[in-house]
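Q: What follows is structure33.txt, made up of compact mmCIF, C-alpha atoms:
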# COMPACT_ATOMS: atom_id res chain seq x y z
CA ASP A 1 -105.44 -17.77 -39.72
CA THR A 2 -108.28 -19.86 -38.24
CA ALA A 3 -111.59 -19.23 -40.00
CA VAL A 4 -114.00 -20.03 -37.16
CA SER A 5 -112.59 -20.29 -33.66
CA GLN A 6 -114.20 -21.21 -30.37
CA THR A 7 -113.06 -20.96 -26.78
CA PRO A 8 -112.74 -22.90 -24.67
CA LYS A 9 -112.21 -26.25 -26.36
CA TYR A 10 -113.12 -28.14 -23.20
CA LEU A 11 -115.35 -27.00 -20.35
CA VAL A 12 -115.99 -29.06 -17.23
CA THR A 13 -118.31 -27.58 -14.64
CA GLN A 14 -120.78 -28.36 -11.88
CA MET A 15 -124.54 -28.46 -12.20
CA GLY A 16 -126.13 -25.10 -11.50
CA ASN A 17 -123.19 -23.02 -12.69
CA ASP A 18 -123.31 -20.39 -15.42
CA LYS A 19 -120.82 -20.59 -18.29
CA SER A 20 -120.08 -18.94 -21.63
CA ILE A 21 -118.63 -20.17 -24.90
CA LYS A 22 -117.15 -17.68 -27.33
CA CYS A 23 -117.06 -17.84 -31.12
CA GLU A 24 -115.32 -15.64 -33.64
CA GLN A 25 -115.15 -15.83 -37.42
CA ASN A 26 -112.69 -13.93 -39.63
CA LEU A 27 -114.36 -14.82 -42.94
CA GLY A 28 -116.45 -11.66 -43.19
CA HIS A 29 -119.65 -13.73 -43.12
CA ASP A 30 -123.06 -12.28 -42.33
CA THR A 31 -124.62 -15.30 -40.64
CA MET A 32 -123.51 -17.28 -37.59
CA TYR A 33 -124.97 -20.35 -35.93
CA TRP A 34 -124.83 -22.53 -32.85
CA TYR A 35 -125.35 -26.29 -33.18
CA LYS A 36 -125.47 -28.93 -30.45
CA GLN A 37 -124.04 -32.42 -30.98
CA ASP A 38 -125.24 -35.00 -28.49
CA SER A 39 -123.49 -38.13 -27.31
CA LYS A 40 -124.82 -40.10 -30.29
CA LYS A 41 -123.27 -37.54 -32.67
CA PHE A 42 -126.65 -36.12 -33.68
CA LEU A 43 -126.37 -32.45 -34.71
CA LYS A 44 -129.17 -29.95 -34.28
CA ILE A 45 -129.42 -26.23 -34.86
CA MET A 46 -129.92 -24.08 -31.77
CA PHE A 47 -129.66 -20.49 -33.00
CA SER A 48 -128.80 -18.49 -36.07
CA TYR A 49 -127.97 -14.80 -36.34
CA ASN A 50 -127.81 -12.66 -39.44
CA ASN A 51 -126.00 -9.34 -39.08
CA LYS A 52 -126.38 -9.46 -35.29
CA GLU A 53 -130.12 -10.17 -35.53
CA LEU A 54 -131.59 -13.39 -34.13
CA ILE A 55 -133.19 -15.38 -36.95
CA ILE A 56 -133.69 -18.86 -35.50
CA ASN A 57 -134.31 -19.97 -31.94
CA GLU A 58 -135.03 -23.64 -32.28
CA THR A 59 -137.05 -24.33 -29.10
CA VAL A 60 -133.98 -23.99 -26.93
CA PRO A 61 -134.56 -23.48 -23.18
CA ASN A 62 -134.38 -19.90 -21.93
CA ARG A 63 -131.28 -20.83 -19.96
CA PHE A 64 -129.39 -20.55 -23.25
CA SER A 65 -128.85 -16.98 -24.38
CA PRO A 66 -126.84 -16.14 -27.48
CA LYS A 67 -125.27 -12.74 -27.84
CA SER A 68 -123.81 -11.20 -30.96
CA PRO A 69 -121.84 -8.03 -30.15
CA ASP A 70 -120.86 -7.67 -33.81
CA LYS A 71 -121.05 -9.59 -37.05
CA ALA A 72 -117.84 -11.51 -36.34
CA HIS A 73 -118.79 -12.82 -32.90
CA LEU A 74 -121.54 -15.00 -31.53
CA ASN A 75 -121.27 -16.05 -27.91
CA LEU A 76 -123.39 -18.57 -26.06
CA HIS A 77 -124.19 -18.08 -22.39
CA ILE A 78 -125.77 -20.91 -20.43
CA ASN A 79 -127.38 -20.36 -17.02
CA SER A 80 -128.05 -22.99 -14.36
CA LEU A 81 -126.31 -25.80 -16.19
CA GLU A 82 -127.96 -29.22 -16.14
CA LEU A 83 -126.56 -32.70 -16.74
CA GLY A 84 -128.42 -32.88 -20.05
CA ASP A 85 -126.49 -29.88 -21.35
CA SER A 86 -123.38 -32.05 -21.66
CA ALA A 87 -122.60 -32.12 -25.38
CA VAL A 88 -120.29 -30.69 -28.00
CA TYR A 89 -121.32 -27.22 -29.13
CA PHE A 90 -120.32 -26.07 -32.60
CA CYS A 91 -120.28 -22.56 -33.90
CA ALA A 92 -120.55 -22.03 -37.67
CA SER A 93 -120.78 -19.18 -40.14
CA SER A 94 -121.85 -18.64 -43.74
CA GLN A 95 -121.82 -15.74 -46.14
CA ASP A 96 -125.60 -15.48 -46.50
CA SER A 97 -127.82 -18.41 -45.71
CA ARG A 98 -131.10 -17.04 -47.01
CA GLY A 99 -130.61 -18.78 -50.34
CA GLY A 100 -129.82 -22.04 -48.60
CA ARG A 101 -126.85 -22.74 -50.87
CA ASP A 102 -123.96 -21.27 -48.96
CA THR A 103 -121.47 -23.53 -47.26
CA GLN A 104 -121.38 -23.30 -43.51
CA TYR A 105 -117.91 -23.27 -41.96
CA PHE A 106 -117.64 -24.90 -38.57
CA GLY A 107 -115.46 -24.21 -35.58
CA PRO A 108 -113.58 -27.00 -33.78
CA GLY A 109 -116.28 -27.41 -31.14
CA THR A 110 -116.49 -26.98 -27.38
CA ARG A 111 -116.96 -30.13 -25.35
CA LEU A 112 -119.08 -29.24 -22.32
CA THR A 113 -119.26 -31.70 -19.45
CA VAL A 114 -121.64 -30.98 -16.60
CA LEU A 115 -120.95 -32.97 -13.41
CA GLY R 116 -141.10 -31.27 -42.03
CA ASN R 117 -137.61 -31.46 -43.44
CA SER R 118 -135.50 -34.46 -42.56
CA VAL R 119 -132.48 -36.47 -43.65
CA THR R 120 -132.01 -40.20 -43.22
CA GLN R 121 -128.63 -41.90 -43.56
CA MET R 122 -127.74 -45.55 -43.56
CA GLU R 123 -127.05 -46.97 -40.16
CA GLY R 124 -123.47 -47.30 -39.14
CA PRO R 125 -120.89 -48.14 -38.22
CA VAL R 126 -119.43 -49.13 -41.56
CA THR R 127 -116.13 -50.99 -41.64
CA LEU R 128 -114.26 -51.58 -44.88
CA SER R 129 -110.83 -52.65 -46.02
CA GLU R 130 -108.50 -50.22 -47.74
CA GLU R 131 -109.23 -49.83 -51.49
CA ALA R 132 -112.81 -51.07 -51.11
CA PHE R 133 -115.74 -49.29 -52.79
CA LEU R 134 -117.79 -47.08 -50.48
CA THR R 135 -121.45 -46.14 -50.60
CA ILE R 136 -123.22 -44.30 -47.80
CA ASN R 137 -126.91 -43.88 -48.52
CA CYS R 138 -128.74 -40.64 -47.84
CA THR R 139 -132.36 -39.79 -48.54
CA TYR R 140 -134.21 -36.61 -47.68
CA THR R 141 -137.67 -35.18 -47.18
CA ALA R 142 -138.12 -31.51 -47.94
CA THR R 143 -140.48 -29.05 -49.55
CA GLY R 144 -139.21 -27.17 -52.55
CA TYR R 145 -135.68 -27.61 -53.81
CA PRO R 146 -133.15 -27.91 -51.01
CA SER R 147 -129.40 -27.76 -51.36
CA LEU R 148 -127.67 -30.96 -50.27
CA PHE R 149 -124.36 -31.37 -48.48
CA TRP R 150 -121.97 -33.99 -47.20
CA TYR R 151 -119.87 -32.96 -44.21
CA VAL R 152 -117.06 -35.03 -42.66
CA GLN R 153 -115.94 -35.01 -39.04
CA TYR R 154 -112.51 -36.47 -38.34
CA PRO R 155 -111.79 -37.65 -34.80
CA GLY R 156 -111.63 -34.77 -32.34
CA GLU R 157 -112.32 -32.13 -34.98
CA GLY R 158 -115.15 -29.96 -36.23
CA LEU R 159 -117.13 -30.53 -39.39
CA GLN R 160 -115.69 -29.84 -42.82
CA LEU R 161 -117.63 -29.57 -46.02
CA LEU R 162 -116.85 -32.54 -48.25
CA LEU R 163 -119.09 -31.71 -51.21
CA LYS R 164 -122.42 -30.18 -52.09
CA ALA R 165 -125.03 -29.92 -54.83
CA THR R 166 -127.57 -27.15 -55.14
CA LYS R 167 -129.94 -28.41 -57.83
CA ALA R 168 -131.29 -31.62 -59.29
CA ASP R 169 -128.81 -33.75 -61.28
CA ASP R 170 -125.84 -31.76 -59.99
CA LYS R 171 -122.88 -33.90 -58.99
CA GLY R 172 -120.67 -32.77 -56.14
CA SER R 173 -117.16 -34.16 -55.93
CA ASN R 174 -114.07 -33.74 -53.80
CA LYS R 175 -111.10 -35.90 -52.72
CA GLY R 176 -112.37 -38.82 -54.79
CA PHE R 177 -115.84 -38.70 -53.20
CA GLU R 178 -118.93 -38.09 -55.33
CA ALA R 179 -122.65 -37.64 -54.78
CA THR R 180 -125.42 -36.87 -57.27
CA TYR R 181 -128.58 -34.93 -56.39
CA ARG R 182 -131.43 -37.22 -57.44
CA LYS R 183 -134.78 -35.45 -57.11
CA GLU R 184 -136.80 -38.39 -58.42
CA THR R 185 -135.55 -40.64 -55.61
CA THR R 186 -134.88 -37.79 -53.11
CA SER R 187 -131.39 -39.16 -52.58
CA PHE R 188 -127.80 -37.94 -52.33
CA HIS R 189 -125.72 -41.08 -51.86
CA LEU R 190 -122.00 -40.68 -51.15
CA GLU R 191 -119.57 -42.87 -53.11
CA LYS R 192 -115.85 -43.39 -53.37
CA GLY R 193 -114.15 -45.90 -55.61
CA SER R 194 -111.19 -46.78 -53.40
CA VAL R 195 -111.14 -45.77 -49.74
CA GLN R 196 -108.05 -45.10 -47.65
CA VAL R 197 -107.36 -45.45 -43.94
CA SER R 198 -107.34 -41.65 -43.75
CA ASP R 199 -111.02 -41.60 -44.80
CA SER R 200 -112.00 -42.99 -41.39
CA ALA R 201 -114.38 -40.42 -39.95
CA VAL R 202 -118.05 -39.67 -39.32
CA TYR R 203 -119.95 -38.55 -42.42
CA PHE R 204 -123.05 -36.37 -42.25
CA CYS R 205 -125.57 -35.78 -44.97
CA ALA R 206 -127.45 -32.48 -44.62
CA LEU R 207 -129.93 -30.26 -46.39
CA SER R 208 -130.63 -26.57 -46.39
CA ARG R 209 -133.79 -24.98 -47.73
CA GLN R 210 -134.03 -21.54 -49.23
CA GLY R 211 -134.91 -19.05 -46.52
CA ALA R 212 -134.50 -21.60 -43.74
CA GLN R 213 -131.05 -20.45 -42.58
CA LYS R 214 -130.08 -23.73 -41.01
CA LEU R 215 -128.69 -27.14 -41.89
CA VAL R 216 -130.78 -30.20 -41.13
CA PHE R 217 -128.46 -33.16 -40.54
CA GLY R 218 -128.80 -36.89 -40.83
CA GLN R 219 -127.72 -38.98 -37.88
CA GLY R 220 -124.16 -39.46 -39.17
CA THR R 221 -122.41 -42.63 -40.35
CA ARG R 222 -119.17 -43.70 -38.72
CA LEU R 223 -116.74 -45.13 -41.27
CA THR R 224 -113.70 -47.15 -40.30
CA ILE R 225 -111.17 -48.24 -42.91
CA ASN R 226 -108.79 -51.03 -41.97
CA PRO R 227 -105.37 -51.38 -43.63
Would you mind writing the structure in this file as structure tokens?

A:
Amino acid sequence: DTAVSQTPKYLVTQMGNDKSIKCEQNLGHDTMYWYKQDSKKFLKIMFSYNNKELIINETVPNRFSPKSPDKAHLNLHINSLELGDSAVYFCASSQDSRGGRDTQYFGPGTRLTVL
Amino acid sequence: GNSVTQMEGPVTLSEEAFLTINCTYTATGYPSLFWYVQYPGEGLQLLLKATKADDKGSNKGFEATYRKETTSFHLEKGSVQVSDSAVYFCALSRQGAQKLVFGQGTRLTINP
């Protein structure tokens, strides 16, 4: 029933590890996104994909690699985790964002803590 | 570049008070404007949106009007409830940009 789901909800790991966050949407949308929310609640786009094609890579370090196996999934893999990667990561989707008018639907977020 | 500026928080009000959260934007062209709400421990939900000048978005007693002349999209509610306590984000999206640009968020606390 959930429109946009993410797993895991919480992720605690050591510096230097590699981890993945998964996102799935059952809305039939064409476009998916990853946003990062820092400790001050500021939200910033990281990536967007349209029909499995990367559209936006907003100056994110190469350690972050999104992968979209199909239109309904957009996973985020992070290599060599650093303390500064601690944040809440939100996945979102929209029908077609090229017009800029479509509502983006957000997942519940994944709180990543790097120790 | 495109940017959104919201009033500084936190904002604390008593139940049934009138709410205004200011939002102004800088953008080329004609962006669509959004208010999202984040309740504690949850993801963001769309509260309302407006896609062209003079449009008014409304939902759950909240309203905001797209004012191109003042580049603003202020959020208002006539009588707030304790359940409105949350963080509110103003955002814009430009045609072809395929991303939301968010303001810094305003934390609202309503006391009974």

Q: Can you work out which residues from chain A touch chain R at a cut-off of 12 Å (counting all atoms listed in the file) and hand them back as number ranges by chain?

A: A: 3-6, 9-10, 30-50, 54-58, 88-111

Q: CA of Ser118 in chain R and CA of Leu76 in chain A are how many Å apart?

A: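 Taking CA of Ser118 in chain R as the start and CA of Leu76 in chain A as the end point, the length is 25.9 Å.
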
Q: Work out how far CA of Leu11 in chain A is from CA of Gly124 in chain R, in Å to one decimal.

A: 28.8 Å

Q: Do you have the CA of Thr113 in chain A-CA of Tyr154 in chain R distance handy?

A: 20.6 Å

Q: Just the residues within 6 Å of range 138-142 of chain R, please, counting only C-alpha atoms, with nothing from its chain fewer than 5 positions along; format it as a ChimeraX atom specification.

A: /R:117-121,186-189

Q: Given the point (-120.0, -28.8, -17.8) in the coordinates of this file, which residues lie within 8 Å, counting only C-alpha atoms, and how would they look as a PDB file with C-alpha atoms, keeping the file's coordinate frame?

A:
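The resulting file, part.pdb, is reproduced below:
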ATOM      1  CA  LEU A  11    -115.350 -27.000 -20.350  1.00  0.00           C
ATOM      2  CA  VAL A  12    -115.990 -29.060 -17.230  1.00  0.00           C
ATOM      3  CA  THR A  13    -118.310 -27.580 -14.640  1.00  0.00           C
ATOM      4  CA  GLN A  14    -120.780 -28.360 -11.880  1.00  0.00           C
ATOM      5  CA  MET A  15    -124.540 -28.460 -12.200  1.00  0.00           C
ATOM      6  CA  LEU A  81    -126.310 -25.800 -16.190  1.00  0.00           C
ATOM      7  CA  LEU A  83    -126.560 -32.700 -16.740  1.00  0.00           C
ATOM      8  CA  ASP A  85    -126.490 -29.880 -21.350  1.00  0.00           C
ATOM      9  CA  SER A  86    -123.380 -32.050 -21.660  1.00  0.00           C
ATOM     10  CA  LEU A 112    -119.080 -29.240 -22.320  1.00  0.00           C
ATOM     11  CA  THR A 113    -119.260 -31.700 -19.450  1.00  0.00           C
ATOM     12  CA  VAL A 114    -121.640 -30.980 -16.600  1.00  0.00           C
ATOM     13  CA  LEU A 115    -120.950 -32.970 -13.410  1.00  0.00           C
TER      14      LEU A 115
END

Q: Please give the centre and size of the box around range 116-135 of chain R (axis-aligned, containing every atom listed in the file, 5 Å added per side), with values in Å to one decimal and written as AutoDock Vina command-line options.

A:
--center_x -124.8 --center_y -42.0 --center_z -45.5 --size_x 42.6 --size_y 31.4 --size_z 24.6
